[in-house]
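These notes concern the structure reproduced below.
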Amino acid sequence: MLVIPVRCALGAAMTRREFIKLIGGVAAAWPLPAEGQQPLPVVGLLRNTEGAEWIAAFRRGLSDSGYTDGDNVTLDIRVAEGKLDQLSELAVDLVRKRVAVIVANTNATPFAISATKSIPIVFVTGSDPITTGFVQNLNRPSGNVTGVSFFNEPLGSKRLEILHELIPNAETVAVLVDPDFLRGEAELRELDVSGRALGEKVVVFRASNDREIDAAFAAIAQAKVGAMLVGGGAFLTSRRRQIVGLAALHKIPAIYVTRQHTEAGGLMSYGASTTDAYRRAGVYVARILKGEKPGDLPVELPTKFELVINLKTAKALGLDIPFHIQQSADELVD
């Protein structure tokens, strides 16, 4: 707190002119904003669940492109904490705040699109961006929407084939899905067709919170399934340690979406890198901040899919991974 004396050192009353001169001298010493300085652009991140690892990857993409949070850009992270009905309100609030760009995951993207037709939107999704209605053309999205897809959903059939090759005697395969996941039902239809083609019965179990995951595994154990496939979506991915732990407890061989599942102790995973998708989204946001239009940026698709196998988990399950499957794996975790 600055205190201004109103009497001079000799005790005489200070004149008005002397007072104004003193104030002017003090004010001149105060730091002033740089002339023409503009507020930092704000990038809103909208998700239905926590995702610290993905957000960190997004920050890396921004940083690699010359943007650092708190330096020349500000990140405004909004998480609905699994409450999908909050996504609309969060999206509208970001628009009201006039952020420069909105980055959204699969479940959050429709709400962002509904909230604005002018603010650029960069989605990160495992679904097909066309079937979800995010864009009409991958090469020329047009409008204010573009993004990155790690193409998880269309790989469900391939995961089922890999599981069948490893455990050919499994007549029944459990599929764990999040009923709130935007493309969950489409994923199930594809898996049902693939399962019948392989001569396997696909039994579906749904879980959208921790309690339901526990209940689903209790039911899966009673069903005596031969193997399990864990579906996509931010919620199930965020609960990977709980799911992997329950699969180990019940000795159920399972295949997952991301390598993070396998690193957490899951048997195997097949898919593109979700982490890299978020990093590339950071690069896209930087390009938009530098003046490029989202409609001119083609939707990015993965160029590589990785099969990762955890040999330690296989041994704990009593599984002998055939040599030809080990050879086809991109990485073996021991």
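As shown in the structure tokens, the chain order sets the letters A, B, ...; within each chain, residues go from 1, and ligands are also counted from 1 in the order they appear.
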
- Just the residues within 8 Å of range 302-308 of chain A, please, counting only C-alpha atoms, with nothing from its chain fewer than 2 positions along; format it as a PyMOL selection string. chain A and resi 149-151+259+262+268-273+277+300+310+328-333

With C-alpha atoms retained, could you export that selection as a PDB file, in the first residue's frame?
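As written to disk, selection_10.pdb reads:
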```
ATOM      1  CA  SER A 149      -8.162 -39.249 -35.662  1.00  0.00           C
ATOM      2  CA  PHE A 150      -6.230 -42.203 -34.248  1.00  0.00           C
ATOM      3  CA  PHE A 151      -8.850 -44.416 -35.913  1.00  0.00           C
ATOM      4  CA  ARG A 259      -0.268 -49.308 -25.473  1.00  0.00           C
ATOM      5  CA  THR A 262      -0.294 -52.983 -21.943  1.00  0.00           C
ATOM      6  CA  MET A 268      -1.869 -56.875 -25.368  1.00  0.00           C
ATOM      7  CA  SER A 269      -3.036 -53.867 -27.331  1.00  0.00           C
ATOM      8  CA  TYR A 270      -3.460 -52.929 -30.948  1.00  0.00           C
ATOM      9  CA  GLY A 271      -3.939 -49.425 -32.242  1.00  0.00           C
ATOM     10  CA  ALA A 272      -2.411 -46.104 -33.139  1.00  0.00           C
ATOM     11  CA  SER A 273      -0.759 -43.814 -30.627  1.00  0.00           C
ATOM     12  CA  ALA A 277      -2.610 -37.798 -31.856  1.00  0.00           C
ATOM     13  CA  GLU A 300      -4.861 -36.162 -39.943  1.00  0.00           C
ATOM     14  CA  ASN A 310       3.128 -58.008 -22.371  1.00  0.00           C
ATOM     15  CA  SER A 328       4.471 -59.754 -35.755  1.00  0.00           C
ATOM     16  CA  ALA A 329       4.420 -57.625 -32.577  1.00  0.00           C
ATOM     17  CA  ASP A 330       5.884 -54.138 -32.760  1.00  0.00           C
ATOM     18  CA  GLU A 331       6.967 -54.334 -29.136  1.00  0.00           C
ATOM     19  CA  LEU A 332       7.244 -56.981 -26.442  1.00  0.00           C
ATOM     20  CA  VAL A 333       6.956 -55.776 -22.853  1.00  0.00           C
TER      21      VAL A 333
END
```

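Every protein, DNA or RNA residue with an atom at most 10 Å from Val173 in chain A, where only C-alpha atoms count and chain neighbours fewer than 6 positions away do not, is listed here: Leu160, Leu163, His164, Gly195, Glu200, Lys201, Val202, Val203, Val204, Ile220, Ala223, Lys224, Val225, Gly226, Ala227, Met228, Leu229, Pro253 and Ala254 of chain A.
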
- Message: According to DSSP computed on the backbone, where in range 72-289 of chain A is there strand (DSSP E)? Give the residues as a PyMOL selection string.
- Response: chain A and resi 74-79+101-105+121-125+145-149+172-177+201-206+227-230+254-256+268-271

- Among the residues A:Pro168, A:Pro322, A:Pro179, A:Gly44, the one that comes closest to Ile213 in chain A [using only C-alpha atoms]: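 The shortest atom-to-atom distance to Ile213 in chain A comes from A:Pro179.
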
- Interatomic distance (Å, one decimal) between CA of Phe134 in chain A and CA of Ser118 in chain A: 14.7 Å

- Item | Neighbour list for range 83-100 of chain A as a PyMOL selection string, cut-off 9 Å, only C-alpha atoms, skip fewer than 4 positions in-chain | chain A and resi 41-44+46-49+76+78-79+107-108+110-116+119-120+180+288-289

Print the selection's residues with C-alpha atoms to a file, as a PDB file, in the first residue's frame.
```pdb
ATOM      1  CA  PRO A  41      -4.788 -16.045 -27.002  1.00  0.00           C
ATOM      2  CA  VAL A  42      -6.775 -18.608 -25.036  1.00  0.00           C
ATOM      3  CA  VAL A  43      -7.090 -22.235 -26.149  1.00  0.00           C
ATOM      4  CA  GLY A  44      -9.951 -24.156 -24.569  1.00  0.00           C
ATOM      5  CA  LEU A  46     -12.893 -29.680 -23.578  1.00  0.00           C
ATOM      6  CA  ARG A  47     -13.092 -33.299 -22.357  1.00  0.00           C
ATOM      7  CA  ASN A  48     -15.617 -35.569 -20.688  1.00  0.00           C
ATOM      8  CA  THR A  49     -12.970 -37.206 -18.465  1.00  0.00           C
ATOM      9  CA  ASP A  76      -8.302 -23.146 -20.333  1.00  0.00           C
ATOM     10  CA  ARG A  78     -12.587 -27.847 -18.951  1.00  0.00           C
ATOM     11  CA  VAL A  79     -13.409 -31.406 -17.819  1.00  0.00           C
ATOM     12  CA  ASN A 107     -17.726 -37.051 -26.730  1.00  0.00           C
ATOM     13  CA  ALA A 108     -17.080 -33.324 -26.354  1.00  0.00           C
ATOM     14  CA  PRO A 110     -20.559 -32.484 -30.887  1.00  0.00           C
ATOM     15  CA  PHE A 111     -21.163 -29.975 -28.090  1.00  0.00           C
ATOM     16  CA  ALA A 112     -18.381 -27.723 -29.331  1.00  0.00           C
ATOM     17  CA  ILE A 113     -19.760 -27.865 -32.871  1.00  0.00           C
ATOM     18  CA  SER A 114     -23.237 -26.975 -31.608  1.00  0.00           C
ATOM     19  CA  ALA A 115     -21.882 -24.070 -29.576  1.00  0.00           C
ATOM     20  CA  THR A 116     -20.057 -22.222 -32.374  1.00  0.00           C
ATOM     21  CA  ILE A 119     -14.402 -20.343 -33.426  1.00  0.00           C
ATOM     22  CA  PRO A 120     -11.955 -22.963 -34.810  1.00  0.00           C
ATOM     23  CA  ASP A 180     -21.982 -43.173 -22.959  1.00  0.00           C
ATOM     24  CA  ILE A 288      -4.383 -21.965 -36.592  1.00  0.00           C
ATOM     25  CA  LEU A 289      -3.037 -19.438 -34.086  1.00  0.00           C
TER      26      LEU A 289
END
```

- Message: Between CA of Lys117 in chain A and CA of Val145 in chain A, what is the distance in Å, rounded to a tenth?
- Response: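 Pair CA of Lys117 in chain A / CA of Val145 in chain A returns 8.6 Å.
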
- Hey, which of A:Phe181, A:Val244, A:Tyr284, A:Gln326 ends up closest to Gly265 in chain A? Count only C-alpha atoms. A:Val244

- Write out as JSON, numbers by chain all residues of range 113-286 of chain A that backbone DSSP assigns to helix (DSSP H, G or I). {"A": [113, 114, 115, 153, 154, 155, 156, 157, 158, 159, 160, 161, 162, 163, 164, 165, 166, 184, 185, 186, 187, 188, 189, 190, 191, 192, 193, 194, 195, 196, 197, 210, 211, 212, 213, 214, 215, 216, 217, 218, 219, 220, 221, 222, 223, 234, 235, 236, 237, 238, 240, 241, 242, 243, 244, 245, 246, 247, 248, 249, 259, 260, 261, 262, 263, 274, 275, 276, 277, 278, 279, 280, 281, 282, 283, 284, 285, 286]}

- From the set A:Leu166, A:Ala314, A:Val193, A:Ala207, which residue has the shortest atom-to-atom contact distance to Lys251 in chain A, counting only C-alpha atoms?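 Nearest candidate to Lys251 in chain A out of A:Leu166, A:Ala314, A:Val193, A:Ala207: A:Ala314.
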
- Message: I want to know what sits within 7 Å of range 189-192 of chain A, based on only C-alpha atoms, with residues of the same chain fewer than 3 positions away left out; could you give that as a VMD selection string?
- Response: chain A and resid 156 to 157 185 to 186 195 to 196 202
